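**Q** Contents are TSV, C-alpha atoms and all ligand atoms; file name coords-v8.tsv:
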chain	number	residue	atom	x	y	z
A	1	MET	CA	-26.15	17.70	17.49
A	2	LEU	CA	-29.02	16.70	19.72
A	3	ALA	CA	-31.51	18.58	17.59
A	4	ARG	CA	-30.15	17.11	14.40
A	5	ASN	CA	-30.36	13.61	15.73
A	6	LEU	CA	-33.81	14.12	17.19
A	7	ALA	CA	-34.98	15.38	13.83
A	8	ARG	CA	-34.02	12.14	12.17
A	9	THR	CA	-36.94	9.95	11.32
A	10	TYR	CA	-36.82	6.39	12.56
A	11	ILE	CA	-38.80	3.63	11.02
A	12	ARG	CA	-39.69	0.73	13.25
A	13	PRO	CA	-38.37	-2.58	12.02
A	14	ALA	CA	-41.15	-4.94	11.02
A	15	VAL	CA	-39.67	-7.56	13.32
A	16	ARG	CA	-38.42	-6.61	16.77
A	17	PRO	CA	-34.65	-7.13	16.97
A	18	ALA	CA	-33.36	-10.11	18.90
A	19	PHE	CA	-31.48	-9.50	22.15
A	20	ALA	CA	-27.98	-9.61	20.68
A	21	THR	CA	-28.92	-7.43	17.71
A	22	THR	CA	-30.43	-4.88	20.07
A	23	TYR	CA	-27.09	-4.33	21.74
A	24	ALA	CA	-25.44	-3.79	18.38
A	25	LEU	CA	-28.08	-1.23	17.40
A	26	ARG	CA	-27.89	0.57	20.75
A	27	SER	CA	-24.24	1.42	20.37
A	28	GLY	CA	-25.18	3.59	17.40
A	29	PHE	CA	-27.48	5.74	19.55
A	30	ASN	CA	-24.88	6.92	22.05
A	31	SER	CA	-24.13	10.08	20.05
A	32	PHE	CA	-27.34	11.88	21.06
A	33	ALA	CA	-27.72	10.51	24.56
A	34	LYS	CA	-28.74	12.84	27.36
A	35	HIS	CA	-26.24	11.02	29.54
A	36	ASN	CA	-23.42	10.36	27.18
A	37	GLY	CA	-21.49	7.68	29.02
A	38	PRO	CA	-22.69	4.61	30.83
A	39	GLU	CA	-23.59	6.76	33.82
A	40	VAL	CA	-26.89	7.55	35.42
A	41	PRO	CA	-27.85	9.49	38.56
A	42	VAL	CA	-29.29	7.12	41.17
A	43	ILE	CA	-31.22	8.48	44.13
A	44	SER	CA	-32.28	6.34	47.07
A	45	TYR	CA	-33.75	6.93	50.49
A	46	GLU	CA	-33.01	4.83	53.52
A	47	GLY	CA	-33.88	5.64	57.11
A	48	GLY	CA	-35.06	9.08	56.04
A	49	CYS	CA	-31.68	9.99	54.45
A	50	ARG	CA	-31.23	10.84	50.79
A	51	HIS	CA	-28.30	9.31	48.92
A	52	GLU	CA	-27.40	10.43	45.44
A	53	GLU	CA	-24.67	8.86	43.41
A	54	ILE	CA	-23.66	8.72	39.80
A	55	LEU	CA	-23.43	5.10	38.92
A	56	SER	CA	-21.17	3.92	36.21
A	57	THR	CA	-22.01	0.37	35.25
A	58	PRO	CA	-20.69	-0.72	31.89
A	59	VAL	CA	-23.16	-2.93	30.09
A	60	SER	CA	-21.84	-6.23	28.95
A	61	LYS	CA	-23.66	-9.09	27.39
A	62	THR	CA	-23.70	-10.80	30.75
A	63	SER	CA	-25.59	-8.06	32.58
A	64	GLY	CA	-29.32	-8.29	32.31
A	65	PRO	CA	-32.45	-9.17	34.23
A	66	VAL	CA	-31.63	-10.48	37.69
A	67	ASN	CA	-33.95	-13.36	37.11
A	68	PRO	CA	-31.97	-15.12	34.37
A	69	SER	CA	-34.45	-17.97	34.01
A	70	GLY	CA	-36.78	-15.72	32.08
A	71	ALA	CA	-35.59	-12.77	30.05
A	72	ASP	CA	-38.03	-10.34	28.43
A	73	GLU	CA	-37.94	-9.81	24.72
A	74	GLN	CA	-35.83	-6.69	24.24
A	75	LYS	CA	-37.16	-3.69	22.37
A	76	LYS	CA	-35.76	-0.31	21.56
A	77	ALA	CA	-37.45	3.09	21.92
A	78	TYR	CA	-37.30	5.77	19.23
A	79	PRO	CA	-37.38	9.53	19.77
A	80	LEU	CA	-40.22	11.55	18.31
A	81	SER	CA	-38.85	14.37	16.22
A	82	PRO	CA	-40.07	17.72	17.65
A	83	SER	CA	-40.73	18.82	14.08
A	84	ALA	CA	-43.22	15.97	13.69
A	85	PHE	CA	-45.75	17.64	16.01
A	86	LYS	CA	-46.78	20.24	13.49
A	87	TYR	CA	-47.73	17.58	10.96
A	88	LEU	CA	-50.08	15.73	13.31
A	89	THR	CA	-53.81	16.05	12.82
A	90	PRO	CA	-55.81	17.27	15.85
A	91	THR	CA	-56.83	13.68	16.53
A	92	LEU	CA	-53.31	12.25	16.44
A	93	SER	CA	-51.85	15.12	18.48
A	94	MET	CA	-54.21	14.14	21.32
A	95	PHE	CA	-52.17	10.96	21.71
A	96	THR	CA	-48.87	12.73	22.37
A	97	LEU	CA	-47.43	13.99	25.68
A	98	PRO	CA	-45.26	16.97	24.78
A	99	GLY	CA	-43.34	18.36	27.75
A	100	LYS	CA	-44.94	15.98	30.26
A	101	VAL	CA	-43.16	14.15	33.07
A	102	ALA	CA	-43.99	10.53	33.84
A	103	VAL	CA	-43.28	8.36	36.87
A	104	ILE	CA	-43.25	4.59	36.37
A	105	THR	CA	-42.93	2.14	39.24
A	106	GLY	CA	-41.61	-1.32	38.45
A	107	GLY	CA	-40.06	0.29	35.37
A	108	GLY	CA	-36.81	-1.64	35.66
A	109	ARG	CA	-38.11	-4.34	33.38
A	110	GLY	CA	-41.17	-6.02	31.94
A	111	LEU	CA	-44.47	-4.27	31.32
A	112	GLY	CA	-43.40	-1.15	33.24
A	113	LEU	CA	-40.23	-0.70	31.20
A	114	ASN	CA	-42.09	-1.24	27.94
A	115	MET	CA	-44.72	1.35	28.85
A	116	ALA	CA	-41.89	3.74	29.78
A	117	GLN	CA	-40.42	3.17	26.32
A	118	ALA	CA	-43.80	3.92	24.75
A	119	LEU	CA	-44.20	7.20	26.66
A	120	ALA	CA	-40.65	8.16	25.68
A	121	GLU	CA	-41.79	7.97	22.04
A	122	THR	CA	-44.63	10.47	22.54
A	123	GLY	CA	-42.70	13.64	23.40
A	124	VAL	CA	-42.35	13.47	27.20
A	125	ARG	CA	-39.49	15.52	28.58
A	126	GLY	CA	-38.82	13.41	31.66
A	127	ILE	CA	-39.30	9.89	32.96
A	128	ALA	CA	-38.62	8.77	36.53
A	129	ILE	CA	-38.27	5.02	36.91
A	130	MET	CA	-38.80	3.60	40.41
A	131	ASP	CA	-37.79	0.04	41.14
A	132	VAL	CA	-36.15	-2.00	43.88
A	133	GLN	CA	-33.67	-3.61	41.53
A	134	GLN	CA	-30.67	-1.33	41.30
A	135	GLU	CA	-28.83	-2.93	38.40
A	136	LEU	CA	-31.91	-3.36	36.25
A	137	GLY	CA	-33.27	0.12	36.93
A	138	ASP	CA	-29.93	1.76	36.29
A	139	LYS	CA	-29.48	-0.09	33.00
A	140	SER	CA	-33.03	0.54	31.81
A	141	ALA	CA	-32.92	4.27	32.61
A	142	ARG	CA	-29.56	4.73	30.90
A	143	GLU	CA	-30.56	2.86	27.77
A	144	LEU	CA	-33.89	4.65	27.46
A	145	SER	CA	-32.14	7.97	27.80
A	146	GLU	CA	-29.54	7.00	25.21
A	147	GLN	CA	-32.18	5.82	22.77
A	148	THR	CA	-34.52	8.80	22.97
A	149	GLY	CA	-32.69	11.80	24.46
A	150	VAL	CA	-35.37	12.01	27.19
A	151	ASP	CA	-34.14	12.93	30.69
A	152	VAL	CA	-34.65	9.55	32.37
A	153	ARG	CA	-33.70	9.11	36.04
A	154	PHE	CA	-33.69	5.97	38.12
A	155	TYR	CA	-34.88	5.96	41.74
A	156	ARG	CA	-34.16	2.84	43.76
A	157	VAL	CA	-37.05	2.66	46.16
A	158	ASP	CA	-39.40	0.05	47.58
A	159	VAL	CA	-43.07	0.98	47.03
A	160	ARG	CA	-43.83	-0.34	50.54
A	161	ASP	CA	-41.73	2.41	52.13
A	162	GLY	CA	-44.21	5.29	52.38
A	163	GLN	CA	-41.69	7.81	53.67
A	164	ALA	CA	-39.15	7.00	50.97
A	165	ILE	CA	-41.88	7.25	48.33
A	166	GLN	CA	-42.86	10.75	49.49
A	167	GLN	CA	-39.24	11.89	49.47
A	168	THR	CA	-38.69	10.37	46.05
A	169	CYS	CA	-41.75	12.09	44.57
A	170	GLN	CA	-40.63	15.40	46.05
A	171	ASP	CA	-37.22	14.87	44.49
A	172	ILE	CA	-38.84	14.12	41.13
A	173	ALA	CA	-41.05	17.23	41.35
A	174	ASP	CA	-38.04	19.37	42.31
A	175	HIS	CA	-35.89	18.05	39.49
A	176	TYR	CA	-38.47	18.21	36.70
A	177	GLY	CA	-40.58	21.05	38.06
A	178	GLY	CA	-43.65	18.81	38.40
A	179	LEU	CA	-45.08	15.48	37.38
A	180	ASP	CA	-48.04	14.69	35.13
A	181	VAL	CA	-48.38	10.94	34.66
A	182	LEU	CA	-47.99	7.98	36.99
A	183	ILE	CA	-47.96	4.35	35.94
A	184	ASN	CA	-48.08	2.03	38.95
A	185	ALA	CA	-46.62	-1.20	37.53
A	186	ALA	CA	-44.58	-2.55	40.46
A	187	GLY	CA	-46.09	-5.80	41.59
A	188	ILE	CA	-45.35	-9.40	42.46
A	189	ALA	CA	-47.24	-12.66	42.00
A	190	ASP	CA	-47.50	-15.83	44.07
A	191	SER	CA	-49.04	-18.68	42.13
A	192	ASN	CA	-49.83	-22.29	42.95
A	193	ILE	CA	-50.35	-21.77	46.68
A	194	LYS	CA	-53.43	-23.33	48.22
A	195	ALA	CA	-55.45	-20.97	50.43
A	196	GLU	CA	-55.48	-23.40	53.35
A	197	VAL	CA	-51.67	-23.40	53.59
A	198	TYR	CA	-50.95	-19.82	52.59
A	199	ASP	CA	-48.13	-18.50	54.76
A	200	HIS	CA	-49.25	-15.38	56.64
A	201	GLU	CA	-46.04	-13.44	56.05
A	202	LYS	CA	-46.16	-14.20	52.33
A	203	TRP	CA	-49.79	-13.03	52.24
A	204	ARG	CA	-48.95	-9.74	53.97
A	205	ARG	CA	-45.92	-9.12	51.77
A	206	LEU	CA	-47.89	-9.50	48.55
A	207	LEU	CA	-50.70	-7.20	49.71
A	208	ASP	CA	-48.14	-4.71	50.95
A	209	ILE	CA	-46.48	-4.46	47.54
A	210	ASN	CA	-49.47	-4.82	45.23
A	211	ILE	CA	-52.09	-2.72	46.99
A	212	THR	CA	-50.46	-0.65	49.76
A	213	GLY	CA	-47.51	0.22	47.51
A	214	THR	CA	-49.86	1.24	44.70
A	215	PHE	CA	-51.70	3.51	47.13
A	216	PHE	CA	-48.55	5.06	48.62
A	217	VAL	CA	-47.23	6.06	45.20
A	218	ALA	CA	-50.64	7.29	43.99
A	219	GLN	CA	-51.00	9.34	47.19
A	220	ALA	CA	-47.55	10.94	46.85
A	221	CYS	CA	-47.90	11.71	43.12
A	222	GLY	CA	-51.55	12.73	43.48
A	223	THR	CA	-50.59	15.27	46.15
A	224	HIS	CA	-48.16	16.93	43.74
A	225	MET	CA	-50.74	16.88	40.94
A	226	ILE	CA	-53.30	18.52	43.24
A	227	ARG	CA	-50.81	21.18	44.39
A	228	SER	CA	-49.80	21.99	40.83
A	229	GLY	CA	-53.40	22.74	39.88
A	230	LYS	CA	-52.75	21.05	36.51
A	231	GLY	CA	-54.16	17.62	37.31
A	232	GLY	CA	-52.70	14.50	35.75
A	233	SER	CA	-53.27	10.90	34.79
A	234	ILE	CA	-52.71	7.89	37.03
A	235	ILE	CA	-52.68	4.39	35.57
A	236	ASN	CA	-52.68	1.43	37.94
A	237	ILE	CA	-51.67	-1.95	36.58
A	238	ALA	CA	-54.21	-4.37	38.01
A	239	SER	CA	-54.88	-7.73	36.35
A	240	MET	CA	-57.73	-9.72	34.88
A	241	SER	CA	-57.24	-11.69	38.12
A	242	GLY	CA	-58.99	-8.80	39.85
A	243	SER	CA	-62.19	-9.71	37.97
A	244	ILE	CA	-61.96	-13.48	37.38
A	245	VAL	CA	-60.42	-16.47	39.14
A	246	ASN	CA	-57.49	-17.93	37.23
A	247	TYR	CA	-57.34	-21.57	36.23
A	248	PRO	CA	-55.77	-23.95	37.11
A	249	GLN	CA	-53.37	-22.32	39.59
A	250	GLU	CA	-54.50	-21.26	43.06
A	251	GLN	CA	-53.53	-17.66	43.81
A	252	SER	CA	-56.17	-16.21	46.12
A	253	CYS	CA	-53.90	-13.52	47.55
A	254	TYR	CA	-52.82	-12.15	44.15
A	255	ASN	CA	-56.42	-12.16	42.90
A	256	ALA	CA	-57.62	-10.32	46.00
A	257	SER	CA	-54.79	-7.76	45.69
A	258	LYS	CA	-55.70	-6.94	42.10
A	259	ALA	CA	-59.42	-6.67	42.87
A	260	ALA	CA	-58.38	-4.13	45.50
A	261	VAL	CA	-56.32	-2.21	42.93
A	262	ILE	CA	-59.39	-1.95	40.68
A	263	GLN	CA	-61.58	-0.65	43.50
A	264	LEU	CA	-58.84	1.73	44.70
A	265	THR	CA	-58.67	3.07	41.14
A	266	LYS	CA	-62.40	3.82	41.10
A	267	SER	CA	-62.31	5.41	44.56
A	268	LEU	CA	-59.39	7.71	43.71
A	269	ALA	CA	-60.98	8.59	40.36
A	270	ALA	CA	-64.12	9.81	42.12
A	271	GLU	CA	-62.21	11.67	44.85
A	272	TRP	CA	-59.71	13.39	42.57
A	273	ALA	CA	-61.86	14.22	39.54
A	274	PRO	CA	-62.42	17.76	40.91
A	275	TYR	CA	-58.63	18.29	40.71
A	276	GLY	CA	-58.43	17.25	37.08
A	277	ILE	CA	-56.76	13.96	37.95
A	278	ARG	CA	-57.94	10.92	36.00
A	279	VAL	CA	-57.32	7.47	37.48
A	280	ASN	CA	-57.77	4.33	35.41
A	281	SER	CA	-56.51	0.76	35.62
A	282	ILE	CA	-55.22	-1.69	33.05
A	283	SER	CA	-56.01	-5.34	33.66
A	284	PRO	CA	-53.71	-7.51	31.58
A	285	GLY	CA	-54.34	-11.17	30.90
A	286	TYR	CA	-51.45	-13.64	30.73
A	287	MET	CA	-48.42	-11.78	29.45
A	288	ASP	CA	-45.17	-13.22	28.17
A	289	THR	CA	-42.86	-11.45	30.62
A	290	ALA	CA	-39.92	-12.62	32.74
A	291	LEU	CA	-42.43	-13.13	35.54
A	292	ASN	CA	-43.98	-16.02	33.60
A	293	ARG	CA	-40.93	-17.30	31.70
A	294	VAL	CA	-40.11	-20.02	34.18
A	295	PRO	CA	-40.02	-23.73	33.40
A	296	ALA	CA	-42.36	-24.48	36.35
A	297	LEU	CA	-45.17	-22.70	34.51
A	298	ASP	CA	-44.65	-24.34	31.10
A	299	ALA	CA	-47.50	-26.82	31.45
A	300	GLN	CA	-49.93	-24.24	32.83
A	301	LYS	CA	-49.02	-21.83	30.05
A	302	ARG	CA	-50.34	-24.29	27.50
A	303	ILE	CA	-53.69	-24.25	29.33
A	304	TRP	CA	-53.68	-20.44	29.46
A	305	VAL	CA	-53.05	-20.19	25.72
A	306	ASP	CA	-55.72	-22.77	25.01
A	307	HIS	CA	-58.24	-20.76	27.07
A	308	THR	CA	-57.42	-17.53	25.26
A	309	PRO	CA	-59.49	-16.88	22.11
A	310	GLN	CA	-56.50	-15.22	20.40
A	311	LYS	CA	-54.39	-18.33	21.19
A	312	ARG	CA	-51.32	-16.54	22.47
A	313	LEU	CA	-49.93	-14.86	25.56
A	314	GLY	CA	-49.73	-11.07	25.50
A	315	ALA	CA	-46.41	-9.66	24.29
A	316	VAL	CA	-44.41	-7.58	26.74
A	317	ASP	CA	-45.29	-4.42	24.78
A	318	ASP	CA	-49.00	-5.22	24.26
A	319	LEU	CA	-50.07	-2.67	26.90
A	320	ASN	CA	-48.05	0.18	25.42
A	321	ASN	CA	-50.62	1.89	23.24
A	322	LEU	CA	-53.35	1.62	25.87
A	323	ALA	CA	-50.98	3.22	28.39
A	324	VAL	CA	-50.29	6.09	25.99
A	325	TYR	CA	-54.02	6.54	25.40
A	326	LEU	CA	-54.79	6.63	29.14
A	327	ALA	CA	-51.88	8.98	29.86
A	328	SER	CA	-52.84	11.43	27.13
A	329	GLU	CA	-55.72	13.81	26.55
A	330	GLY	CA	-57.00	11.29	24.01
A	331	SER	CA	-58.78	9.70	26.98
A	332	GLY	CA	-59.74	13.02	28.56
A	333	TYR	CA	-63.27	11.93	29.50
A	334	MET	CA	-62.31	8.51	30.83
A	335	THR	CA	-61.77	8.00	34.54
A	336	GLY	CA	-62.34	5.17	37.00
A	337	ASN	CA	-62.28	2.70	34.15
A	338	ASN	CA	-60.76	-0.77	34.30
A	339	CYS	CA	-59.47	-1.70	30.83
A	340	ILE	CA	-59.08	-5.43	30.34
A	341	ILE	CA	-56.53	-6.37	27.68
A	342	ASP	CA	-56.26	-10.14	27.60
A	343	GLY	CA	-56.63	-11.56	24.07
A	344	GLY	CA	-60.21	-12.39	24.98
A	345	TYR	CA	-59.39	-14.69	27.95
A	346	THR	CA	-62.18	-13.33	30.16
A	347	LEU	CA	-64.81	-13.84	27.43
A	348	TRP	CA	-65.06	-17.61	28.05
B	1	LIG	N1	-46.96	-10.71	33.47
B	1	LIG	C1	-48.26	-10.95	33.55
B	1	LIG	O1	-48.76	-11.95	33.04
B	1	LIG	C2	-49.16	-9.97	34.26
B	1	LIG	C3	-50.54	-10.14	34.13
B	1	LIG	C4	-51.39	-9.26	34.78
B	1	LIG	C5	-50.86	-8.24	35.56
B	1	LIG	N2	-49.51	-8.12	35.68
B	1	LIG	C6	-49.03	-7.02	36.53
B	1	LIG	O2	-48.22	-6.15	35.78
B	1	LIG	C7	-47.22	-5.57	36.61
B	1	LIG	C8	-45.86	-5.77	35.98
B	1	LIG	O3	-45.66	-7.16	35.79
B	1	LIG	P1	-44.43	-7.76	34.96
B	1	LIG	O4	-44.89	-9.00	34.32
B	1	LIG	O5	-43.80	-6.71	34.12
B	1	LIG	O6	-43.48	-8.17	36.17
B	1	LIG	P2	-41.90	-8.04	36.36
B	1	LIG	O7	-41.55	-8.87	37.54
B	1	LIG	O8	-41.20	-8.30	35.08
B	1	LIG	O9	-41.71	-6.48	36.72
B	1	LIG	C9	-42.13	-5.97	37.95
B	1	LIG	C10	-41.14	-4.93	38.41
B	1	LIG	O10	-41.58	-4.45	39.69
B	1	LIG	C11	-40.47	-4.33	40.55
B	1	LIG	N3	-40.88	-4.45	41.94
B	1	LIG	C12	-41.34	-5.55	42.57
B	1	LIG	N4	-41.57	-5.29	43.86
B	1	LIG	C13	-41.26	-3.98	44.05
B	1	LIG	C14	-41.29	-3.11	45.17
B	1	LIG	N5	-41.65	-3.56	46.38
B	1	LIG	N6	-40.93	-1.82	45.02
B	1	LIG	C15	-40.53	-1.37	43.81
B	1	LIG	N7	-40.47	-2.14	42.69
B	1	LIG	C16	-40.83	-3.43	42.83
B	1	LIG	C17	-39.56	-5.48	40.14
B	1	LIG	O11	-38.22	-5.25	40.55
B	1	LIG	C18	-39.73	-5.52	38.64
B	1	LIG	O12	-38.77	-4.73	37.97
B	1	LIG	C19	-47.38	-6.23	37.98
B	1	LIG	O13	-48.16	-5.39	38.81
B	1	LIG	C20	-48.15	-7.50	37.66
B	1	LIG	O14	-48.92	-7.95	38.76
B	1	LIG	C21	-48.66	-8.94	35.05
Show the structure stored in the file as structure tokens.

**A**
Amino acid sequence: MLARNLARTYIRPAVRPAFATTYALRSGFNSFAKHNGPEVPVISYEGGCRHEEILSTPVSKTSGPVNPSGADEQKKAYPLSPSAFKYLTPTLSMFTLPGKVAVITGGGRGLGLNMAQALAETGVRGIAIMDVQQELGDKSARELSEQTGVDVRFYRVDVRDGQAIQQTCQDIADHYGGLDVLINAAGIADSNIKAEVYDHEKWRRLLDINITGTFFVAQACGTHMIRSGKGGSIINIASMSGSIVNYPQEQSCYNASKAAVIQLTKSLAAEWAPYGIRVNSISPGYMDTALNRVPALDAQKRIWVDHTPQKRLGAVDDLNNLAVYLASEGSGYMTGNNCIIDGGYTLW
């Protein structure tokens, strides 16, 4: 049954389905789900103890992103038929990830979830989503598994908790037998805060999540990649704010955190190249995600669009193909690179 369904060819709709339509379409995919019911294994670590539970959370139209003021545009992932591989040219086959295992932090929603969906379409056999938001992560993992048949697991963990991150990565390596790709997408933003009144705790919290968290996860996954002897690909989500200063909002802490992510990326790339580990960063411009879909930013968004040569914000899935490229052997000779993808914003 699974094989028959996986062999079906899916054609992407020209227009992405609206939120309500997506739910209707999803119900038709349950037949070949890895986890048949609305259940997903959830693993968390607190105080050094491992907790595993099978969560059963029926999805209703009222469950969704915890930040209801700004919902992401919903998209569905499609499985890649195993039979398709033999028809790919050598060039196209370089952009697939057959049998690989990917870890994605901040994969509960937004850019992280969309990149997880993209990897799920390239032949990966496992995806581990790490996020602090239980309901979102659980829902996203279950739906991605239902849509593609990939073994997707959700790990509720805070990237600031170094010990929990190490235990989680060990758990992932034990379950899947290794890990090959890491996308570090967990991050937060504080905008419109003047430097002279920046609260010290707020400052520390942002750096802790955006830079220390990125390092903790890279360190834990990198250690497994080194031990395996097979190398891997690490993709850190930085920001164009790591290279330019945004206008008009003041956000010195966020900008500094993303500059640090870019330099961390280069440092790890140089250190770990001998182990076959490539480390690159993606620096998005202004993206139309839940993070930015708040009325308070409406006026500033008009300025952002006006200052972008392509005259639009990035779509929530605009990083997907770059992420696939960086994860795959298609970018085999690229490491330590910071790829800006911003509709041209940083040109002016
Ligand atoms: N949206 C943009 O315009 C934009 C632009 C440039 C860079 N980025 C970066 O892209 C990444 C993703 O952004 P997004 O727009 O999808 O944001 P988002 O808020 O939609 O998603 C971020 C995810 O990270 C999770 N997260 C936050 N703190 C965490 C923690 N301590 N531990 C584990 N998970 C945590 C959140 O729960 C959320 O699911 C971030 O690093 C962000 O800085 C975003």

**Q** Set the cut-off to 7 Å, count only C-alpha atoms and all ligand atoms, and list whatever residues fall near ligand LIG 1 (chain B) as JSON, numbers by chain.

**A** {"A": [105, 106, 107, 108, 109, 110, 111, 112, 130, 131, 132, 133, 157, 158, 159, 160, 185, 186, 187, 188, 189, 209, 210, 237, 238, 239, 240, 283, 284, 285, 286, 287, 288, 289, 290, 291, 292]}

**Q** For Ser281 (chain A), find every residue with an atom within 8 Å (counting all atoms listed in the file), except residues of its own chain fewer than 4 positions away, and show them as a PyMOL selection string.

**A** chain A and resi 235-238+261-262+265+336-339

**Q** Output, as lines of an AutoDock Vina configuration file, the centre and edge lengths in Å (one decimal) of the axis-aligned box that contains all listed atoms of region 281-284 of chain A with 3 Å of margin on each side.

**A**
center_x = -55.1
center_y = -3.4
center_z = 33.6
size_x = 8.8
size_y = 14.3
size_z = 10.0

**Q** Hey, which of A:Gly242, A:Gln147, A:Gly99, A:Thr214 ends up closest to Tyr176 (chain A)? Count all atoms listed in the file.

**A**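 Of A:Gly242, A:Gln147, A:Gly99, A:Thr214, the one nearest Tyr176 (chain A) is A:Gly99, counting all atoms listed in the file.
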
**Q** One number please: CA of Phe95 (chain A) to CA of Glu329 (chain A), in Å, one decimal.

**A**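 Calculated distance between CA of Phe95 (chain A) and CA of Glu329 (chain A) is 6.6 Å.
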
**Q** Would you mind telling me which residue in A:Leu264, A:Leu136, A:Ala128, A:Cys253 lies nearest to Leu206 (chain A) when using all atoms listed in the file?

**A**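 The shortest atom-to-atom distance to Leu206 (chain A) comes from A:Cys253.
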
**Q** With distances taken over only C-alpha atoms, which residue among A:Tyr87, A:Gly48, A:Asp190, A:Glu73 lies nearest Arg205 (chain A)?

**A** A:Asp190

**Q** Using all atoms listed in the file, determine which residues lie at most 8 Å from Asn255 (chain A), disregarding the query and same-chain residues fewer than 4 positions distant; provide the list as an NGL selection string.

**A** :A and (241-245 or 251 or 259)

**Q** Using only C-alpha atoms, please write the residues we just selected to a file, as a compact mmCIF listing (two decimals), keeping the file's coordinate frame.

**A**
# COMPACT_ATOMS: atom_id res chain seq x y z
CA SER A 241 -57.24 -11.69 38.12
CA GLY A 242 -58.99 -8.80 39.85
CA SER A 243 -62.19 -9.71 37.97
CA ILE A 244 -61.96 -13.48 37.38
CA VAL A 245 -60.42 -16.47 39.14
CA GLN A 251 -53.53 -17.66 43.81
CA ALA A 259 -59.42 -6.67 42.87

**Q** Measuring between only C-alpha atoms, which one of A:Ala77, A:Ile104, A:Ile226, A:Ala256 shows the shortest distance to Ala273 (chain A)?

**A**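 Looking at the shortest contact to Ala273 (chain A), the residue is A:Ile226.
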
**Q** Between A:Ile193, A:Phe215, A:Ala260, A:Asp180, which is the closest to Gly276 (chain A) once you count all atoms listed in the file?

**A**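 Nearest to Gly276 (chain A): A:Asp180.
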
**Q** Between CA of Lys100 (chain A) and CA of Gly126 (chain A), what distance in Å does the model show, to one decimal?

**A**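 Computing it gives 6.8 Å between the two atoms.
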
**Q** Near Gln300 (chain A), within 10 Å and counting all atoms listed in the file, which residues show up once chain neighbours fewer than 6 positions away are dropped, as a list of chain:residue names?

**A**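 Returned residues: A:Tyr247, A:Pro248, A:Gln249, A:Asp306.
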
**Q** Go ahead and save the residues from that selection, with C-alpha atoms, as a PDB file, keeping the file's coordinate frame.

**A**
ATOM      1  CA  TYR A 247     -57.340 -21.570  36.230  1.00  0.00           C
ATOM      2  CA  PRO A 248     -55.770 -23.950  37.110  1.00  0.00           C
ATOM      3  CA  GLN A 249     -53.370 -22.320  39.590  1.00  0.00           C
ATOM      4  CA  ASP A 306     -55.720 -22.770  25.010  1.00  0.00           C
TER       5      ASP A 306
END

**Q** Using CA of Val324 (chain A) and CA of Ala84 (chain A) as the two end points, give the distance in Å to one decimal.

**A**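 Atom-to-atom, CA of Val324 (chain A) and CA of Ala84 (chain A) are spaced 17.3 Å apart.
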
**Q** Excluding Val217 (chain A) and its own-chain neighbours fewer than 3 positions away, which residues fall within 8 Å of it when counting all atoms listed in the file? Please give them as a PyMOL selection string.

**A** chain A and resi 159+162+165-166+184+213-214+220-221

**Q** Which of these, A:Val124, A:Gly177, A:Lys76, A:Thr91, has the shortest distance to Leu144 (chain A) once you count all atoms listed in the file?

**A**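 The shortest atom-to-atom distance to Leu144 (chain A) comes from A:Lys76.
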